[in-house]
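What follows is a set of notes on a single structure, which appears directly below.
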Amino acid sequence: MALTTEDTISPPAAPAQQDAPALSKKQLTGIIGSLALAAFLMILNETVLSVALPAIMVDLSVSAAAGQWLTTGFLLTMSVVIPTTGYLLQRFNSRNLFIFALSSFLVGTVVAIVAPSFAVLLLARIIQAVGTAIVLPLLMTTTLTLVPVRKRGAIMGLNSIVISVGPAIGPTVSGAIVNTFTWHYIFILMAPLAVIILILGIVFIKLPSTARKIPLDVLSVVLSALAFGFLVYGISSLEHAGENPVPAIGCFAVGLVALALFIKRQVRLTRVGKELLNLTPFKARTFTFSVLMIMIAMGTLLGTIVMVPIILESGAGISTLSIGMMLLPGGLAQAVVAPIFGRVYDRFGPRPVLIPGAAMLALGQWLYVTVDADTALWTFMVNHIVFSIGLALLMTGLMSSALATVEPRLYGHGSAIFNTGQQLGGAIGTTIFVTVMSLLSAAKLEEGSDLAHALFSGAHVAFVTGAILATVGLGISFFVTVDKQR
C-alpha cells in the first residue's frame, strides 16, 4: 500500500533503511517534479548569461576575463556550499531546504534585475548560487531515497536532462531575449518562474521531517571554502601569471594545503560521526572515476558554452539570436537521448552508455578544434550536437553508476561529493578556456593580428586543451563498472 505524507520515511543518512519507501505515483511525481523543475531553472541560470556576456561587457565596461566571473563565481560559490549539503540534508527537512533554496534564488534574481554595476550583478549571481547548490544534491538524494533501484537509471536519465540540457539551452534562451530586449530581461522573465516553482514545492513536498540535531564543524566549512576558493581563483589568476606569477602560485599553495587539511579532518571526524563531508564513497573505484569524468565533462561543457558565443559574436560578427539558435539543436538532442539511455543503463549497466558518451564528447571537442573565423555556422551546430549527445549519455551513466556504489546511509554525502566535483569541474573548465583564449588572443593582437584571427587562434588552443581532457575521460570510461545494489 502506498504511504501517505503522514507515514514515516527514513532519512537518507539512516543506516537501517535499505529499501526505497513506497509512494504513490502521484506523490512521487509531485516531489521529484517540483525538485526537477527547480533544478532545471537554476542550472539553466548557470549559462544563461553566456550569449549575453558581450552585451554585459559593453554595458558595464568590463573585460572578457572579468565578465566570465559571472559564470565562474556562480560555480565557485556552489563548490563552496555543496560540501555542506551532506550536513544540511541531515539537519533540516526537505521542505524547509527547498523553500530556503528557492527563496535565495529568487532574492538573487531580483537583485540582478536592478543591478547598477558589475559588482552588484556578481553579488546577485552568488546569492542565486547558494540556492542552486542546495537544490541539486536535494534532487539526487531524494531520487536515490524514493525511487526503487530497478527504475533509478530511467529517473536519473530524466534528471540528467535537468543538469545537462539546462546549460545547453541557456544560451538559446538568452540569445532570443537579448536580441529582442536587454540582458536585464533574462532575470525579469526568470523571477515569476521561480515564484511558480516555489509554490509547487510548498504544495507537493510534504514528507515528514527526518531532521536530527547534529553538530556543525565550523573549521571544516572554513577549510572547504579556502580549498575550493583559492584553487579556482589561482587558475583564474593564470591570465596575469606572465607579469607576476606569485599570486597564482600563492593561491594554489593555500588551496592545496587547505584541501589536504580538510580531507585529513574529515577522515578523523568520520570515526566519531561528526564529519561535514563523509569521504568514504571514494573507497569505491567506480565512484572516484565517475567524479573525475563528471569534472571533465562539465569543464568542457561550460568552457565551450561560455567561449563559443564570445568568438562568434566578437570575432565573426554573428548575432546573439543566431548563436542561440545554433546551440538549440544540441540541447534538444540531449533531451531526446537522455531518457532512452537511462533505460539502457537499467538493462545493461554503465558501459553501453558511458563509453559511447565519452567517445562522442571527445569527438565533439576535436571537431571544435578545426573551426576558424570562416567556418560556417551550421558546422558549429553539427559539432555541438555531437558534443551534446555525448554529454547526455555521460551524465545519465555517471550519476547512476557513481551513486549505485554508495551505501544508502551515505546518499547525502555521495550526492554532495558528486555535485561538488561537477561544479568545481565547471568552474575550472570555464576559467581555463577563457584564460587560454584571453592570453593568446592578447598576444596575437600585439603582433598585429585582427580581432577575429586573434580570438579564434586563442580559442583553437583552448579547444585542443578541452579535447585532450575529453580523450582522457574516454580512457577512464573503460574502468567504470558497477554491481548495482538491489
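Identifiers in the C-alpha cells: chain A, B, ... in order shown; residue index from 1 per chain; ligand index from 1 in order shown.
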Mind checking which residues fall within 12 Å of Thr375 (chain A), counting only C-alpha atoms, ignoring those fewer than 3 positions away in the same chain, and posting them as a short mmCIF file (atom, residue, chain, number, x, y, z; two decimals) with C-alpha atoms, in the first residue's frame?
```cif
data_model
loop_
_atom_site.label_atom_id
_atom_site.label_comp_id
_atom_site.auth_asym_id
_atom_site.auth_seq_id
_atom_site.Cartn_x
_atom_site.Cartn_y
_atom_site.Cartn_z
CA ILE A 311 34.30 34.18 -30.50
CA LEU A 312 31.23 34.03 -32.76
CA GLY A 315 35.16 37.53 -33.79
CA ALA A 316 32.74 36.56 -36.56
CA ILE A 318 27.21 36.61 -35.58
CA LEU A 367 35.68 18.83 -34.15
CA TYR A 368 35.68 22.22 -32.42
CA VAL A 369 39.48 22.29 -32.80
CA THR A 370 39.00 22.60 -36.59
CA VAL A 371 36.90 25.80 -36.56
CA ASP A 372 38.13 29.24 -37.57
CA TRP A 378 25.98 25.04 -39.45
CA THR A 379 29.35 23.38 -38.84
CA PHE A 380 29.35 24.77 -35.32
CA MET A 381 25.83 23.35 -34.92
CA VAL A 382 26.87 19.84 -36.03
CA ASN A 383 29.90 19.90 -33.74
CA ALA A 452 38.79 37.76 -35.44
CA PHE A 456 39.96 32.15 -32.98
#
```
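Across A:Phe92, A:Phe463, A:Trp366, A:Phe418, the tightest approach to Val436 (chain A) is made by A:Phe463 when counting only C-alpha atoms.
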> Rounded to one decimal in Å, what is the spacing between CA of Thr420 (chain A) and CA of Met298 (chain A)?
Replying inline: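 If I compute the distance from CA of Thr420 (chain A) to CA of Met298 (chain A), I get 11.3 Å.
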> Do you have the CA of Val461 (chain A)-CA of Ile476 (chain A) distance handy?
Replying inline: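 CA of Ile476 (chain A) lies at a distance of 23.1 Å from CA of Val461 (chain A).
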>> Counting only C-alpha atoms, which residue out of A:Ile205, A:Ile235, A:Ala416, A:Leu97 sits closest to Ser34 (chain A)?
In response: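 Residue with the minimum atom-to-atom distance to Ser34 (chain A): A:Ile205.
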> Which residues come within 8 Å of Phe433 (chain A), counting only C-alpha atoms, excluding same-chain residues fewer than 6 positions away, as JSON, numbers by chain?
Replying inline: {"A": [303, 304, 307, 459, 462, 463, 466]}
> Which one is closest to Ser290 (chain A): A:Pro339, A:Pro215, A:Pro245, A:Gly421? Count only C-alpha atoms.
Replying inline: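 The closest residue to Ser290 (chain A) is A:Gly421.
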Exercise: region 58-70 of chain A partners within 8 Å, only C-alpha atoms, chain neighbours under 2 positions left out, as a PDB file with all heavy atoms, in the first residue's frame:
```
ATOM      1  N   LEU A  49      23.774  33.567 -19.124  1.00  0.00           N
ATOM      2  CA  LEU A  49      24.444  34.835 -19.428  1.00  0.00           C
ATOM      3  C   LEU A  49      25.545  34.693 -20.477  1.00  0.00           C
ATOM      4  O   LEU A  49      26.161  35.692 -20.856  1.00  0.00           O
ATOM      5  CB  LEU A  49      25.043  35.442 -18.152  1.00  0.00           C
ATOM      6  CG  LEU A  49      24.061  35.928 -17.083  1.00  0.00           C
ATOM      7  CD1 LEU A  49      24.810  36.640 -15.968  1.00  0.00           C
ATOM      8  CD2 LEU A  49      23.006  36.853 -17.676  1.00  0.00           C
ATOM      9  N   LEU A  53      26.886  37.766 -22.477  1.00  0.00           N
ATOM     10  CA  LEU A  53      28.109  38.294 -21.882  1.00  0.00           C
ATOM     11  C   LEU A  53      28.718  39.450 -22.677  1.00  0.00           C
ATOM     12  O   LEU A  53      29.119  40.462 -22.086  1.00  0.00           O
ATOM     13  CB  LEU A  53      29.133  37.169 -21.692  1.00  0.00           C
ATOM     14  CG  LEU A  53      30.403  37.526 -20.911  1.00  0.00           C
ATOM     15  CD1 LEU A  53      30.047  38.061 -19.529  1.00  0.00           C
ATOM     16  CD2 LEU A  53      31.301  36.297 -20.778  1.00  0.00           C
ATOM     17  N   PRO A  54      28.806  39.356 -24.018  1.00  0.00           N
ATOM     18  CA  PRO A  54      29.358  40.507 -24.752  1.00  0.00           C
ATOM     19  C   PRO A  54      28.574  41.801 -24.503  1.00  0.00           C
ATOM     20  O   PRO A  54      29.172  42.874 -24.352  1.00  0.00           O
ATOM     21  CB  PRO A  54      29.250  40.064 -26.219  1.00  0.00           C
ATOM     22  CG  PRO A  54      29.332  38.569 -26.159  1.00  0.00           C
ATOM     23  CD  PRO A  54      28.574  38.206 -24.913  1.00  0.00           C
ATOM     24  N   ALA A  55      27.237  41.712 -24.444  1.00  0.00           N
ATOM     25  CA  ALA A  55      26.423  42.899 -24.182  1.00  0.00           C
ATOM     26  C   ALA A  55      26.660  43.419 -22.765  1.00  0.00           C
ATOM     27  O   ALA A  55      26.724  44.647 -22.542  1.00  0.00           O
ATOM     28  CB  ALA A  55      24.946  42.574 -24.390  1.00  0.00           C
ATOM     29  N   ILE A  56      26.790  42.508 -21.807  1.00  0.00           N
ATOM     30  CA  ILE A  56      27.056  42.915 -20.424  1.00  0.00           C
ATOM     31  C   ILE A  56      28.436  43.562 -20.316  1.00  0.00           C
ATOM     32  O   ILE A  56      28.613  44.565 -19.610  1.00  0.00           O
ATOM     33  CB  ILE A  56      26.956  41.698 -19.482  1.00  0.00           C
ATOM     34  CG1 ILE A  56      25.514  41.193 -19.425  1.00  0.00           C
ATOM     35  CG2 ILE A  56      27.446  42.045 -18.079  1.00  0.00           C
ATOM     36  CD1 ILE A  56      25.340  39.904 -18.658  1.00  0.00           C
ATOM     37  N   THR A  72      31.961  31.791 -13.538  1.00  0.00           N
ATOM     38  CA  THR A  72      32.922  31.153 -12.642  1.00  0.00           C
ATOM     39  C   THR A  72      32.584  31.421 -11.178  1.00  0.00           C
ATOM     40  O   THR A  72      32.672  30.531 -10.333  1.00  0.00           O
ATOM     41  CB  THR A  72      34.347  31.654 -12.945  1.00  0.00           C
ATOM     42  OG1 THR A  72      34.663  31.357 -14.302  1.00  0.00           O
ATOM     43  CG2 THR A  72      35.357  30.984 -12.040  1.00  0.00           C
ATOM     44  N   GLY A  73      32.211  32.664 -10.851  1.00  0.00           N
ATOM     45  CA  GLY A  73      31.840  32.994  -9.477  1.00  0.00           C
ATOM     46  C   GLY A  73      30.627  32.219  -9.016  1.00  0.00           C
ATOM     47  O   GLY A  73      30.541  31.774  -7.868  1.00  0.00           O
ATOM     48  N   PHE A  74      29.671  32.043  -9.927  1.00  0.00           N
ATOM     49  CA  PHE A  74      28.482  31.237  -9.639  1.00  0.00           C
ATOM     50  C   PHE A  74      28.885  29.807  -9.300  1.00  0.00           C
ATOM     51  O   PHE A  74      28.458  29.240  -8.282  1.00  0.00           O
ATOM     52  CB  PHE A  74      27.573  31.274 -10.867  1.00  0.00           C
ATOM     53  CG  PHE A  74      26.241  30.603 -10.694  1.00  0.00           C
ATOM     54  CD1 PHE A  74      25.120  31.334 -10.339  1.00  0.00           C
ATOM     55  CD2 PHE A  74      26.090  29.240 -10.911  1.00  0.00           C
ATOM     56  CE1 PHE A  74      23.878  30.716 -10.192  1.00  0.00           C
ATOM     57  CE2 PHE A  74      24.869  28.619 -10.771  1.00  0.00           C
ATOM     58  CZ  PHE A  74      23.756  29.362 -10.411  1.00  0.00           C
ATOM     59  N   SER A 117      25.657  47.888 -11.369  1.00  0.00           N
ATOM     60  CA  SER A 117      27.082  47.736 -11.664  1.00  0.00           C
ATOM     61  C   SER A 117      27.446  46.266 -11.749  1.00  0.00           C
ATOM     62  O   SER A 117      26.666  45.389 -11.346  1.00  0.00           O
ATOM     63  CB  SER A 117      27.930  48.402 -10.574  1.00  0.00           C
ATOM     64  OG  SER A 117      27.756  47.729  -9.331  1.00  0.00           O
ATOM     65  N   PHE A 118      28.659  46.003 -12.249  1.00  0.00           N
ATOM     66  CA  PHE A 118      29.123  44.626 -12.369  1.00  0.00           C
ATOM     67  C   PHE A 118      29.245  43.969 -11.000  1.00  0.00           C
ATOM     68  O   PHE A 118      28.895  42.792 -10.835  1.00  0.00           O
ATOM     69  CB  PHE A 118      30.474  44.589 -13.083  1.00  0.00           C
ATOM     70  CG  PHE A 118      31.041  43.209 -13.221  1.00  0.00           C
ATOM     71  CD1 PHE A 118      30.573  42.331 -14.187  1.00  0.00           C
ATOM     72  CD2 PHE A 118      32.039  42.764 -12.361  1.00  0.00           C
ATOM     73  CE1 PHE A 118      31.083  41.046 -14.301  1.00  0.00           C
ATOM     74  CE2 PHE A 118      32.561  41.489 -12.470  1.00  0.00           C
ATOM     75  CZ  PHE A 118      32.081  40.629 -13.445  1.00  0.00           C
ATOM     76  N   LEU A 121      25.867  42.862  -9.819  1.00  0.00           N
ATOM     77  CA  LEU A 121      25.409  41.719 -10.620  1.00  0.00           C
ATOM     78  C   LEU A 121      26.130  40.442 -10.189  1.00  0.00           C
ATOM     79  O   LEU A 121      25.510  39.371 -10.095  1.00  0.00           O
ATOM     80  CB  LEU A 121      25.660  41.990 -12.101  1.00  0.00           C
ATOM     81  CG  LEU A 121      25.187  40.908 -13.085  1.00  0.00           C
ATOM     82  CD1 LEU A 121      23.699  40.653 -12.938  1.00  0.00           C
ATOM     83  CD2 LEU A 121      25.527  41.302 -14.518  1.00  0.00           C
ATOM     84  N   LEU A 122      27.419  40.539  -9.918  1.00  0.00           N
ATOM     85  CA  LEU A 122      28.170  39.378  -9.441  1.00  0.00           C
ATOM     86  C   LEU A 122      27.650  38.921  -8.084  1.00  0.00           C
ATOM     87  O   LEU A 122      27.508  37.710  -7.831  1.00  0.00           O
ATOM     88  CB  LEU A 122      29.654  39.718  -9.349  1.00  0.00           C
ATOM     89  CG  LEU A 122      30.583  38.612  -8.857  1.00  0.00           C
ATOM     90  CD1 LEU A 122      30.481  37.379  -9.749  1.00  0.00           C
ATOM     91  CD2 LEU A 122      32.034  39.108  -8.800  1.00  0.00           C
ATOM     92  N   ARG A 125      24.516  36.955  -8.577  1.00  0.00           N
ATOM     93  CA  ARG A 125      24.807  35.594  -9.049  1.00  0.00           C
ATOM     94  C   ARG A 125      25.259  34.697  -7.899  1.00  0.00           C
ATOM     95  O   ARG A 125      24.913  33.516  -7.851  1.00  0.00           O
ATOM     96  CB  ARG A 125      25.897  35.656 -10.122  1.00  0.00           C
ATOM     97  CG  ARG A 125      25.489  36.368 -11.389  1.00  0.00           C
ATOM     98  CD  ARG A 125      24.577  35.528 -12.240  1.00  0.00           C
ATOM     99  NE  ARG A 125      25.333  34.479 -12.924  1.00  0.00           N
ATOM    100  CZ  ARG A 125      24.782  33.471 -13.600  1.00  0.00           C
ATOM    101  NH1 ARG A 125      23.472  33.355 -13.636  1.00  0.00           N
ATOM    102  NH2 ARG A 125      25.526  32.575 -14.204  1.00  0.00           N
ATOM    103  N   VAL A 306      30.591  28.973 -22.742  1.00  0.00           N
ATOM    104  CA  VAL A 306      30.946  30.357 -22.433  1.00  0.00           C
ATOM    105  C   VAL A 306      31.803  30.962 -23.547  1.00  0.00           C
ATOM    106  O   VAL A 306      31.632  32.140 -23.908  1.00  0.00           O
ATOM    107  CB  VAL A 306      31.699  30.427 -21.082  1.00  0.00           C
ATOM    108  CG1 VAL A 306      32.347  31.795 -20.893  1.00  0.00           C
ATOM    109  CG2 VAL A 306      30.733  30.159 -19.937  1.00  0.00           C
ATOM    110  N   THR A 430      35.657  26.473 -17.233  1.00  0.00           N
ATOM    111  CA  THR A 430      35.330  27.800 -17.753  1.00  0.00           C
ATOM    112  C   THR A 430      36.529  28.732 -17.649  1.00  0.00           C
ATOM    113  O   THR A 430      36.866  29.460 -18.592  1.00  0.00           O
ATOM    114  CB  THR A 430      34.149  28.408 -16.966  1.00  0.00           C
ATOM    115  OG1 THR A 430      33.025  27.537 -17.075  1.00  0.00           O
ATOM    116  CG2 THR A 430      33.778  29.774 -17.492  1.00  0.00           C
ATOM    117  N   THR A 431      37.184  28.696 -16.490  1.00  0.00           N
ATOM    118  CA  THR A 431      38.334  29.575 -16.268  1.00  0.00           C
ATOM    119  C   THR A 431      39.477  29.237 -17.212  1.00  0.00           C
ATOM    120  O   THR A 431      40.104  30.134 -17.796  1.00  0.00           O
ATOM    121  CB  THR A 431      38.816  29.458 -14.812  1.00  0.00           C
ATOM    122  OG1 THR A 431      37.727  29.748 -13.936  1.00  0.00           O
ATOM    123  CG2 THR A 431      39.937  30.435 -14.529  1.00  0.00           C
ATOM    124  N   VAL A 434      38.548  30.327 -21.004  1.00  0.00           N
ATOM    125  CA  VAL A 434      38.546  31.781 -21.224  1.00  0.00           C
ATOM    126  C   VAL A 434      39.938  32.366 -20.992  1.00  0.00           C
ATOM    127  O   VAL A 434      40.366  33.273 -21.719  1.00  0.00           O
ATOM    128  CB  VAL A 434      37.506  32.467 -20.319  1.00  0.00           C
ATOM    129  CG1 VAL A 434      37.582  33.984 -20.457  1.00  0.00           C
ATOM    130  CG2 VAL A 434      36.110  31.986 -20.669  1.00  0.00           C
ATOM    131  N   THR A 435      40.660  31.846 -19.998  1.00  0.00           N
ATOM    132  CA  THR A 435      42.006  32.364 -19.711  1.00  0.00           C
ATOM    133  C   THR A 435      42.957  32.077 -20.865  1.00  0.00           C
ATOM    134  O   THR A 435      43.713  32.954 -21.303  1.00  0.00           O
ATOM    135  CB  THR A 435      42.557  31.756 -18.408  1.00  0.00           C
ATOM    136  OG1 THR A 435      41.710  32.123 -17.317  1.00  0.00           O
ATOM    137  CG2 THR A 435      43.963  32.262 -18.128  1.00  0.00           C
ATOM    138  N   SER A 438      42.010  34.321 -23.759  1.00  0.00           N
ATOM    139  CA  SER A 438      42.364  35.725 -23.499  1.00  0.00           C
ATOM    140  C   SER A 438      43.861  35.956 -23.632  1.00  0.00           C
ATOM    141  O   SER A 438      44.308  36.939 -24.245  1.00  0.00           O
ATOM    142  CB  SER A 438      41.891  36.136 -22.104  1.00  0.00           C
ATOM    143  OG  SER A 438      40.481  36.050 -21.993  1.00  0.00           O
TER     144      SER A 438
END
```
>> Considering only C-alpha atoms, can you say which of A:Ala402, A:Val344, A:Leu200, A:Leu146 comes closest to Gly414 (chain A)?
In response: A:Ala402
